[in-house]
Structures are given as structure tokens and as C-alpha cells.
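One file, entry_30.csv, is given below (CSV, C-alpha atoms).
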```csv
chain,number,residue,atom,x,y,z
A,24,MET,CA,8.7,-8.6,28.7
A,25,PRO,CA,5.7,-6.4,28.6
A,26,VAL,CA,5.4,-2.6,28.7
A,27,TYR,CA,2.3,-1.3,30.4
A,28,LEU,CA,0.9,2.1,29.5
A,29,ARG,CA,-1.9,3.2,31.7
A,30,PHE,CA,-4.5,5.7,30.3
A,31,GLY,CA,-6.5,8.3,32.2
A,32,PRO,CA,-9.6,10.0,30.8
A,33,ASP,CA,-7.6,12.8,29.3
A,34,ASP,CA,-5.1,10.5,27.6
A,35,LEU,CA,-7.8,9.0,25.4
A,36,LEU,CA,-8.4,12.4,23.9
A,37,ARG,CA,-4.7,13.0,23.3
A,38,CYS,CA,-3.8,10.1,21.0
A,39,ARG,CA,-2.3,11.2,17.7
A,40,PHE,CA,-0.4,9.9,14.7
A,41,ALA,CA,2.9,11.3,13.4
A,42,VAL,CA,5.7,10.5,10.9
A,43,SER,CA,9.3,11.0,11.7
A,44,PRO,CA,12.0,10.9,9.0
A,45,VAL,CA,14.8,10.8,11.7
A,46,PHE,CA,13.2,7.8,13.4
A,47,GLU,CA,12.9,6.1,10.0
A,48,THR,CA,16.5,6.7,9.3
A,49,HIS,CA,17.5,4.9,12.5
A,50,GLU,CA,15.2,2.0,11.7
A,51,ALA,CA,16.7,1.8,8.2
A,52,ILE,CA,20.2,1.6,9.8
A,53,ARG,CA,18.9,-1.2,12.1
A,54,THR,CA,17.5,-3.0,9.1
A,55,LEU,CA,21.0,-3.1,7.4
A,56,ARG,CA,22.2,-5.5,10.1
A,57,ARG,CA,19.1,-7.4,11.1
A,58,THR,CA,18.6,-10.1,8.5
A,59,GLU,CA,15.1,-11.0,9.8
A,60,ARG,CA,14.0,-7.7,8.4
A,61,HIS,CA,15.5,-8.2,4.9
A,62,GLY,CA,12.7,-10.1,3.3
A,63,TYR,CA,10.5,-7.1,2.4
A,64,HIS,CA,13.5,-4.8,1.8
A,65,ARG,CA,15.8,-6.8,-0.5
A,66,PRO,CA,15.0,-4.5,-3.4
A,67,TRP,CA,15.9,-1.5,-1.3
A,68,LEU,CA,19.2,-3.2,-0.2
A,69,ARG,CA,20.0,-4.0,-3.9
A,70,ARG,CA,19.3,-0.4,-4.9
A,71,LEU,CA,21.6,0.9,-2.2
A,72,GLY,CA,24.5,-1.2,-3.7
A,73,ASP,CA,27.8,-0.1,-2.2
A,74,ALA,CA,26.5,3.3,-1.0
A,75,ALA,CA,25.7,2.0,2.5
A,76,ALA,CA,29.2,0.5,2.9
A,77,GLY,CA,30.7,3.9,2.5
A,78,LEU,CA,29.0,5.2,5.6
A,79,ASP,CA,30.8,5.3,8.9
A,80,LEU,CA,28.0,4.3,11.2
A,81,GLU,CA,30.1,3.1,14.1
A,82,PRO,CA,28.8,5.7,16.6
A,83,LEU,CA,25.3,4.6,15.9
A,84,TRP,CA,26.1,0.9,15.7
A,85,LEU,CA,27.2,1.1,19.3
A,86,PHE,CA,23.6,1.7,20.4
A,87,ILE,CA,22.0,-0.5,17.7
A,88,PRO,CA,23.6,-4.0,18.1
A,89,SER,CA,23.1,-6.5,15.4
A,90,ALA,CA,21.2,-8.9,17.7
A,91,GLY,CA,19.7,-9.2,21.1
A,92,PRO,CA,17.3,-7.0,23.0
A,93,SER,CA,18.7,-3.6,24.0
A,94,TYR,CA,17.6,0.0,24.8
A,95,THR,CA,18.3,2.6,22.2
A,96,PRO,CA,18.6,6.2,23.6
A,97,ASP,CA,15.2,7.9,23.1
A,98,PHE,CA,16.8,11.2,22.1
A,99,LEU,CA,18.2,9.6,18.9
A,100,GLY,CA,14.6,9.3,17.5
A,101,GLY,CA,12.7,11.5,19.9
A,102,PRO,CA,8.9,11.6,19.3
A,103,PRO,CA,8.1,14.6,16.9
A,104,ARG,CA,6.1,17.4,18.3
A,105,ALA,CA,3.9,17.8,15.2
A,106,GLY,CA,2.1,15.3,13.0
A,107,TYR,CA,4.7,15.6,10.3
A,108,THR,CA,8.2,16.9,11.1
A,109,SER,CA,10.7,17.5,8.3
A,110,VAL,CA,14.1,15.9,8.5
A,111,ALA,CA,15.6,19.4,9.1
A,112,ASP,CA,13.3,19.9,12.1
A,113,GLY,CA,14.0,16.4,13.4
A,114,LEU,CA,17.7,16.8,13.2
A,115,ALA,CA,17.5,20.2,14.9
A,116,GLN,CA,15.5,18.5,17.7
A,117,LEU,CA,18.2,15.9,18.0
A,118,ARG,CA,21.0,18.5,18.0
A,119,ALA,CA,19.2,20.4,20.8
A,120,THR,CA,19.3,17.5,23.2
A,121,ASP,CA,20.3,18.4,26.7
A,122,PRO,CA,23.7,16.9,27.3
A,123,ALA,CA,22.6,15.7,30.8
A,124,LEU,CA,19.7,13.9,29.3
A,125,ALA,CA,21.9,12.4,26.6
A,126,HIS,CA,24.4,11.2,29.2
A,127,ALA,CA,21.6,9.5,31.2
A,128,GLU,CA,20.1,7.8,28.2
A,129,MET,CA,23.4,6.6,26.8
A,130,THR,CA,24.3,5.2,30.2
A,131,LEU,CA,21.0,3.3,30.4
A,132,SER,CA,21.6,2.1,26.8
A,133,PHE,CA,25.1,0.8,27.6
A,134,SER,CA,23.7,-1.0,30.6
A,135,THR,CA,21.8,-3.2,28.2
A,136,ILE,CA,24.7,-3.8,25.8
A,137,PRO,CA,27.6,-5.8,27.2
A,138,GLY,CA,31.0,-4.1,26.7
A,139,ALA,CA,29.7,-0.9,25.2
A,140,ALA,CA,30.4,1.4,28.1
A,141,GLU,CA,34.0,0.1,28.4
A,142,SER,CA,34.8,0.5,24.7
A,143,PRO,CA,37.0,3.4,23.7
A,144,LEU,CA,34.2,5.0,21.7
A,145,GLY,CA,31.7,4.4,24.5
A,146,ARG,CA,34.0,6.1,27.0
A,147,ARG,CA,34.5,9.0,24.7
A,148,LEU,CA,30.8,9.6,24.2
A,149,LEU,CA,30.1,9.4,27.9
A,150,ASP,CA,33.0,11.8,28.7
A,151,ASP,CA,31.6,14.5,26.5
A,152,PRO,CA,27.9,14.1,26.0
A,153,ALA,CA,27.5,17.4,24.1
A,154,ALA,CA,30.1,16.3,21.5
A,155,ALA,CA,28.4,12.9,21.4
A,156,VAL,CA,25.0,14.5,20.5
A,157,ALA,CA,26.7,16.5,17.7
A,158,LEU,CA,28.5,13.4,16.4
A,159,LEU,CA,25.4,11.2,16.5
A,160,ALA,CA,23.3,13.9,14.7
A,161,ASP,CA,26.0,14.3,12.0
A,162,VAL,CA,26.1,10.5,11.4
A,163,THR,CA,22.3,10.4,11.3
A,164,GLU,CA,22.2,13.2,8.7
A,165,ARG,CA,24.7,11.4,6.5
A,166,ALA,CA,22.7,8.2,6.8
A,167,TRP,CA,19.5,10.0,5.9
A,168,HIS,CA,21.0,11.3,2.7
A,169,VAL,CA,22.2,7.8,1.6
A,170,LEU,CA,19.7,5.3,3.0
A,171,VAL,CA,16.3,7.2,3.1
A,172,GLU,CA,16.2,10.5,1.2
A,173,PRO,CA,16.4,9.0,-2.3
A,174,PHE,CA,13.3,6.8,-1.4
A,175,TRP,CA,11.5,9.2,0.9
A,176,PRO,CA,8.6,10.1,-1.5
A,177,ARG,CA,7.7,6.4,-1.7
A,178,LEU,CA,8.2,5.9,2.0
A,179,HIS,CA,6.3,9.0,3.1
A,180,ASP,CA,3.4,8.1,0.9
A,181,LEU,CA,3.2,4.6,2.5
A,182,LEU,CA,3.3,6.1,6.0
A,183,GLU,CA,0.7,8.7,5.1
A,184,ALA,CA,-1.6,6.1,3.6
A,185,ASP,CA,-1.3,4.0,6.7
A,186,ILE,CA,-2.4,6.9,8.9
A,187,ASP,CA,-5.3,7.6,6.6
A,188,TYR,CA,-6.3,3.9,6.9
A,189,ARG,CA,-5.9,3.8,10.7
A,190,ALA,CA,-8.0,7.0,11.0
A,191,ARG,CA,-10.9,5.1,9.2
A,192,GLN,CA,-10.4,2.1,11.5
A,193,LEU,CA,-10.5,4.4,14.6
A,194,ALA,CA,-13.8,5.9,13.3
A,195,SER,CA,-15.4,2.6,12.7
A,196,ALA,CA,-14.0,0.4,15.5
A,197,GLY,CA,-12.9,2.7,18.3
A,198,LEU,CA,-9.5,3.1,20.0
A,199,GLY,CA,-9.5,-0.3,21.9
A,200,GLU,CA,-10.0,-2.2,18.7
A,201,LEU,CA,-7.5,-0.1,16.8
A,202,PHE,CA,-4.6,-1.1,19.1
A,203,ALA,CA,-5.3,-4.8,18.4
A,204,LEU,CA,-5.4,-4.1,14.6
A,205,LEU,CA,-2.1,-2.3,14.7
A,206,HIS,CA,-0.1,-5.3,15.9
A,207,ASN,CA,-0.7,-8.7,17.5
A,208,ARG,CA,1.6,-7.7,20.4
A,209,LEU,CA,-0.7,-4.8,21.4
A,210,SER,CA,-3.8,-5.3,23.6
A,211,PHE,CA,-6.0,-2.8,25.4
A,212,GLU,CA,-8.3,-3.5,28.3
A,213,ASP,CA,-9.7,-1.4,31.2
A,214,GLY,CA,-7.5,1.6,30.3
A,215,LEU,CA,-4.3,-0.4,30.1
A,216,LEU,CA,-2.3,-0.8,26.9
A,217,THR,CA,0.0,-3.8,27.0
A,218,VAL,CA,2.9,-4.0,24.6
A,219,ARG,CA,4.7,-7.3,24.5
A,220,THR,CA,8.3,-6.5,23.4
A,221,LYS,CA,11.4,-8.5,22.8
A,222,ASN,CA,13.3,-6.5,25.5
A,223,ASP,CA,14.0,-8.2,28.8
A,224,TYR,CA,13.2,-5.3,31.0
A,225,PHE,CA,9.8,-4.4,32.6
A,226,TYR,CA,8.5,-0.9,32.1
A,227,GLU,CA,5.2,0.7,33.3
A,228,ARG,CA,4.1,4.3,32.8
A,229,ASP,CA,1.1,6.3,33.7
A,230,LEU,CA,0.4,8.5,30.8
A,231,ALA,CA,-0.8,11.3,33.2
A,232,GLY,CA,-2.4,13.4,30.5
A,233,ASP,CA,0.4,13.2,28.0
A,234,GLY,CA,-1.6,11.0,25.7
A,235,LEU,CA,0.0,8.5,23.3
A,236,LEU,CA,1.8,9.0,20.0
A,237,LEU,CA,1.4,6.3,17.3
A,238,MET,CA,4.0,6.2,14.5
A,239,PRO,CA,3.9,3.9,11.5
A,240,SER,CA,7.3,2.7,10.3
A,241,ALA,CA,8.3,1.1,7.0
A,242,PHE,CA,11.3,-0.6,8.5
A,243,ALA,CA,10.2,-1.7,12.0
A,244,TRP,CA,8.5,-5.0,10.8
A,245,PRO,CA,8.2,-7.5,12.4
A,246,ASP,CA,8.7,-5.5,15.7
A,247,VAL,CA,6.7,-3.1,17.6
A,248,VAL,CA,8.7,-0.5,19.4
A,249,THR,CA,8.0,1.5,22.6
A,250,GLY,CA,9.4,2.3,26.0
A,251,PHE,CA,9.9,6.1,25.6
A,252,GLN,CA,10.5,7.6,29.1
A,253,PRO,CA,10.0,11.2,30.4
A,254,PRO,CA,10.5,13.8,29.1
A,255,TRP,CA,9.4,12.2,25.9
A,256,GLN,CA,5.7,11.7,25.0
A,257,PRO,CA,4.8,8.0,25.3
A,258,THR,CA,5.0,6.5,21.8
A,259,VAL,CA,4.3,3.2,20.1
A,260,ILE,CA,5.9,2.5,16.7
A,261,TYR,CA,4.3,-0.2,14.6
A,262,PRO,CA,4.9,-1.7,11.1
A,263,ALA,CA,3.1,0.3,8.4
A,264,ARG,CA,0.4,-1.4,6.4
A,265,GLY,CA,1.4,-2.3,2.8
A,266,ILE,CA,5.2,-2.8,3.1
A,267,GLY,CA,4.9,-6.0,1.1
A,268,ALA,CA,4.3,-4.0,-2.0
A,269,LEU,CA,6.6,-1.0,-1.0
A,270,TRP,CA,9.4,-1.8,-3.4
A,271,SER,CA,7.5,-3.8,-6.0
A,272,GLU,CA,7.5,-2.8,-9.6
A,273,PRO,CA,5.3,-4.2,-12.4
A,274,ALA,CA,6.9,-7.0,-14.4
A,275,PRO,CA,8.6,-5.6,-17.5
A,276,GLU,CA,6.1,-7.3,-19.8
A,277,THR,CA,3.2,-6.0,-17.8
A,278,ALA,CA,4.6,-2.5,-17.7
A,279,GLN,CA,5.1,-2.6,-21.5
A,280,ALA,CA,1.6,-3.8,-22.1
A,281,LEU,CA,0.1,-1.2,-19.8
A,282,THR,CA,2.0,1.5,-21.6
A,283,ARG,CA,0.8,0.3,-25.0
A,284,LEU,CA,-2.8,0.2,-23.7
A,285,LEU,CA,-3.0,3.4,-21.7
A,286,GLY,CA,0.0,5.5,-22.7
A,287,ALA,CA,3.1,6.0,-20.6
A,288,GLY,CA,1.7,8.7,-18.2
A,289,ARG,CA,-1.5,6.9,-17.3
A,290,ALA,CA,0.2,3.5,-17.0
A,291,ALA,CA,2.7,5.0,-14.6
A,292,VAL,CA,-0.1,6.6,-12.5
A,293,LEU,CA,-2.1,3.3,-12.3
A,294,ALA,CA,1.0,1.3,-11.5
A,295,ALA,CA,2.0,3.8,-8.7
A,296,LEU,CA,-1.4,3.4,-6.9
A,297,GLY,CA,-0.5,0.3,-4.8
A,298,GLU,CA,-1.8,2.3,-1.9
A,299,PRO,CA,-4.3,5.2,-2.0
A,300,ALA,CA,-2.5,8.5,-2.8
A,301,SER,CA,-3.2,12.1,-3.6
A,302,THR,CA,-2.4,14.0,-6.8
A,303,SER,CA,0.5,15.8,-5.2
A,304,ALA,CA,1.9,12.5,-3.7
A,305,LEU,CA,1.8,10.8,-7.1
A,306,ALA,CA,3.4,13.9,-8.8
A,307,ARG,CA,6.3,13.7,-6.3
A,308,ARG,CA,6.7,10.0,-6.7
A,309,LEU,CA,6.6,10.0,-10.5
A,310,GLY,CA,8.4,13.3,-11.2
A,311,LEU,CA,5.4,14.6,-13.2
A,312,ALA,CA,3.6,18.0,-13.0
A,313,PRO,CA,0.5,17.9,-10.8
A,314,SER,CA,-1.6,19.1,-13.6
A,315,SER,CA,-0.6,16.2,-15.8
A,316,VAL,CA,-1.2,13.7,-13.0
A,317,SER,CA,-4.6,15.2,-12.4
A,318,ALA,CA,-5.5,14.8,-16.1
A,319,HIS,CA,-4.4,11.2,-16.1
A,320,LEU,CA,-6.4,10.5,-12.9
A,321,SER,CA,-9.6,11.9,-14.4
A,322,VAL,CA,-9.3,9.7,-17.4
A,323,LEU,CA,-8.5,6.6,-15.4
A,324,ARG,CA,-11.4,7.3,-13.0
A,325,ALA,CA,-13.8,7.8,-15.9
A,326,ALA,CA,-12.7,4.4,-17.3
A,327,GLY,CA,-13.6,2.7,-14.1
A,328,LEU,CA,-10.0,1.9,-13.1
A,329,LEU,CA,-9.9,4.3,-10.1
A,330,THR,CA,-12.2,5.6,-7.4
A,331,SER,CA,-11.7,8.8,-5.3
A,332,ARG,CA,-12.7,9.9,-1.8
A,333,ARG,CA,-12.0,13.0,0.2
A,334,GLU,CA,-9.9,12.5,3.3
A,335,ARG,CA,-9.7,15.7,5.4
A,336,HIS,CA,-7.9,18.3,3.1
A,337,ARG,CA,-7.0,15.8,0.3
A,338,VAL,CA,-8.6,13.7,-2.3
A,339,LEU,CA,-7.2,10.2,-2.4
A,340,TYR,CA,-7.3,7.9,-5.4
A,341,GLU,CA,-7.2,4.1,-5.3
A,342,ARG,CA,-7.6,1.3,-7.8
A,343,THR,CA,-10.9,-0.4,-8.4
A,344,PRO,CA,-10.7,-4.3,-8.6
A,345,LEU,CA,-10.5,-3.9,-12.4
A,346,GLY,CA,-7.7,-1.3,-12.1
A,347,ALA,CA,-5.8,-3.6,-9.7
A,348,ALA,CA,-6.2,-6.6,-12.0
A,349,LEU,CA,-5.0,-4.5,-14.9
A,350,ALA,CA,-2.0,-3.2,-13.1
A,351,ALA,CA,-1.0,-6.7,-12.0
A,352,GLY,CA,-1.4,-8.1,-15.5
A,353,GLY,CA,-4.3,-10.3,-14.5
```

Show this structure as C-alpha cells.
Amino acid sequence: MPVYLRFGPDDLLRCRFAVSPVFETHEAIRTLRRTERHGYHRPWLRRLGDAAAGLDLEPLWLFIPSAGPSYTPDFLGGPPRAGYTSVADGLAQLRATDPALAHAEMTLSFSTIPGAAESPLGRRLLDDPAAAVALLADVTERAWHVLVEPFWPRLHDLLEADIDYRARQLASAGLGELFALLHNRLSFEDGLLTVRTKNDYFYERDLAGDGLLLMPSAFAWPDVVTGFQPPWQPTVIYPARGIGALWSEPAPETAQALTRLLGAGRAAVLAALGEPASTSALARRLGLAPSSVSAHLSVLRAAGLLTSRRERHRVLYERTPLGAALAAGG
């Protein structure tokens, strides 16, 4: 069923992008059970090993069933107030949820999940929504540490690179075209954004000057997610560009050949540039000093393997066709 988001003149000026570690944590949890999402994330699942099995996720599983359309309470992954919100700030926002709002959203969620409200855990959460908020925040924090935090530099770089790319699309194509490029279930015409979701409920909202928040997600593919209701800012979550290469590593023989040709540091930098990245992002990802990464980037760029461009306050580096072919062993 579609979700309709109606724009007024002010809303077009209040569209923004953001990244939410807490929302990514919940999407990672959802991905554990939804096998249709596993294709791109099998390397991540293998790296988790038995760590995920040691998590007690039952309070969150109640709101994230393994199959079928359902409404997940908005407060669990509430839209961030800033373009980038740290996980600490996101968890603080979750823990500060008004119990009355939590009760209302949990009730709505249970109305879409047969049997959830009548279960012992469901009744306990509804009977004490303040304790429910604290419990759900604690479970989310534990899940963050196991499922997302070890991989966050890589995930954050992917999400940041997507926002940079979308900003260029916005500048060249305009907002209407941007929506269609984000996902094939989005369309924009005459001030109305239509989001075709898998849920079986109809929802329409006049943005009324609140604008729209757009959030890329590494784990949402193939879905597009929306439906945030007041008091939350209207939000659309879409699959980030480049997830196909998110977990990829060069073949051992390619990595060895690159190391012999370029040296270990330069080979690692070239291999890490599957998406455009800044010096600091590469340093975080590779565990190298920014000064060392900067020196490697300068040499690779001088050799014609990389190009650079300024994007707001950062300089982003990306492979040239020659650099991409070399990194792939072509």
C-alpha cells in the first residue's frame, strides 16, 4: 500500500540527509532473520559467527517479526535531529522517550502483529512503558556492540559516500529526479511523494513545514522504509549505493600482487577505495595514521591511480579507471 507525503513550499527547503547508528542497529537485527536480505551480507554474517546467537534479542524480536508486513514503533529508531548523531546521542534519545508515546506506538505495532499484545512479554511491556523503553534501549545497545560497532567505520564510510553522491545528484537533477533515483518505489509529482511499501496500511501526511529527512541504510535493501508519524520528522530510509561491494575484499592473489607492486600501505589504501573516501575515513578504516594515509594518497594520485575533489569541508579520493582495474586484478 502506498504512503503519501505532501510537500508545501517550505518543505522543499527543509529536506536533509542524516545517518543514524541506532537505526542501522535495528536494521542489522532485522537482517539476521530476513533471508531475502542475506545475499549482500553473507560475509558480515560469517564474521559475526556465534556472537549474534549470544544476544538476547527477544524484546526487539517482538516488534520485528521474521516475515510479513508490520509497523515497528518509531521511537526505537527515531529520526536524528542532526545530520550525524553518535550512537551515544541516539541511545540517549531512545531512553528519553515519553512513556505515553512509547505505549501508543507499541500498541499500534502490536495491532499489526498477531498475538504480540497477548504474549506475556507484550503484556509486560505495555503494563510498564517506562521500563519497556529502558529495556529496549539496553537491548539495542548490546546489539550495537556486537552487530554494528566492529564494522561501523566501513558502514559509516559507505553511508557518508552515498550522501555525497546524492548531493551531487540533487545539484544536477533536482529534488524530483532525486527521489526516483533513490529507489524505484519512490515517485514525486505535483508536490506529492508516493512511497510504495510492503505494508498493508494506508498512510498520508501533510509535511506542514517539517520537511523530509532522507537516510541511507546499509541493511535496508531491498526495502524502502517510511511511515514516521508525529511527533517525528517525516523520514524515508533507502538502500545505500554501493552495498554490493561493502564486504568485498581483494582475492588473496590480487592482494599479494598489489602489495608486491605498491607496498603494503599503498596497496591497502587503493583496495579500500571501493567508494570515494577522505583521508580521515581511510585512516579509521585501515588503522593507519592520517599522515601515512595522506602520503600514500599523494603517491597514488601522482601515478594516475586516483583522483581527488573537494566536497564541502573534505577532500574525497576515488580510483581512476586504471586504479580500479589494478585493484580488481584486471

Hey, what's within 10 Å of Arg104 of chain A if we count all atoms listed in the file and toss same-chain stuff fewer than 5 positions away? As a ChimeraX atom specification, please?
/A:41,43,112-113,116,236,255-256

Skipping near chain neighbours, those fewer than 5 positions away, what residues fall within 7 Å of Tyr226 of chain A using all atoms listed in the file, listed as number ranges by chain?
A: 26-27, 250

Which residues are near segment 147-163 of chain A? Cut-off 10 Å, all atoms listed in the file, ignore same chain within fewer than 6 positions. Put them as a PyMOL selection string.
chain A and resi 45-46+48-49+52+78-83+98-100+113-127+129-130+133+140-141

Hey, can you spit out that residue selection with C-alpha atoms as a compact mmCIF listing (two decimals), in the frame of the given file?
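Dumped to part_33.txt:
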```txt
# COMPACT_ATOMS: atom_id res chain seq x y z
CA VAL A 45 14.80 10.80 11.70
CA PHE A 46 13.20 7.80 13.40
CA THR A 48 16.50 6.70 9.30
CA HIS A 49 17.50 4.90 12.50
CA ILE A 52 20.20 1.60 9.80
CA LEU A 78 29.00 5.20 5.60
CA ASP A 79 30.80 5.30 8.90
CA LEU A 80 28.00 4.30 11.20
CA GLU A 81 30.10 3.10 14.10
CA PRO A 82 28.80 5.70 16.60
CA LEU A 83 25.30 4.60 15.90
CA PHE A 98 16.80 11.20 22.10
CA LEU A 99 18.20 9.60 18.90
CA GLY A 100 14.60 9.30 17.50
CA GLY A 113 14.00 16.40 13.40
CA LEU A 114 17.70 16.80 13.20
CA ALA A 115 17.50 20.20 14.90
CA GLN A 116 15.50 18.50 17.70
CA LEU A 117 18.20 15.90 18.00
CA ARG A 118 21.00 18.50 18.00
CA ALA A 119 19.20 20.40 20.80
CA THR A 120 19.30 17.50 23.20
CA ASP A 121 20.30 18.40 26.70
CA PRO A 122 23.70 16.90 27.30
CA ALA A 123 22.60 15.70 30.80
CA LEU A 124 19.70 13.90 29.30
CA ALA A 125 21.90 12.40 26.60
CA HIS A 126 24.40 11.20 29.20
CA ALA A 127 21.60 9.50 31.20
CA MET A 129 23.40 6.60 26.80
CA THR A 130 24.30 5.20 30.20
CA PHE A 133 25.10 0.80 27.60
CA ALA A 140 30.40 1.40 28.10
CA GLU A 141 34.00 0.10 28.40
```

Shell of 12 Å around Arg70 of chain A, only C-alpha atoms, local chain residues under 2 positions omitted, as a short mmCIF file (atom, residue, chain, number, x, y, z; two decimals) with C-alpha atoms, in the frame of the given file:
```cif
data_model
loop_
_atom_site.label_atom_id
_atom_site.label_comp_id
_atom_site.auth_asym_id
_atom_site.auth_seq_id
_atom_site.Cartn_x
_atom_site.Cartn_y
_atom_site.Cartn_z
CA HIS A 64 13.50 -4.80 1.80
CA ARG A 65 15.80 -6.80 -0.50
CA PRO A 66 15.00 -4.50 -3.40
CA TRP A 67 15.90 -1.50 -1.30
CA LEU A 68 19.20 -3.20 -0.20
CA GLY A 72 24.50 -1.20 -3.70
CA ASP A 73 27.80 -0.10 -2.20
CA ALA A 74 26.50 3.30 -1.00
CA ALA A 75 25.70 2.00 2.50
CA VAL A 169 22.20 7.80 1.60
CA LEU A 170 19.70 5.30 3.00
CA VAL A 171 16.30 7.20 3.10
CA PRO A 173 16.40 9.00 -2.30
CA PHE A 174 13.30 6.80 -1.40
CA TRP A 270 9.40 -1.80 -3.40
#
```

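Considering all atoms listed in the file, the residue among A:Leu71, A:Ala304, A:Leu345, A:Leu309 positioned nearest to Ala287 of chain A is A:Leu309.
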
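Compared by their closest atoms to Val218 of chain A, and using all atoms listed in the file, the residues A:Leu201, A:Val259, A:Gly234, A:Glu128 rank with A:Val259 nearest.
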
Straight-line distance linking atom CA of Ala350 of chain A with atom CA of Leu281 of chain A, stated in Å to one decimal
7.3 Å

Expressed in Å, the length from atom CA of Arg37 of chain A to atom CA of Leu230 of chain A is 10.1 Å

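Using only C-alpha atoms, the protein and nucleic acid residues lying no more than 9 Å from Val248 of chain A, apart from those fewer than 3 places from it along its own chain, are Val218, Thr220, Ala243, Thr258, Val259, Ile260 and Tyr261 of chain A.
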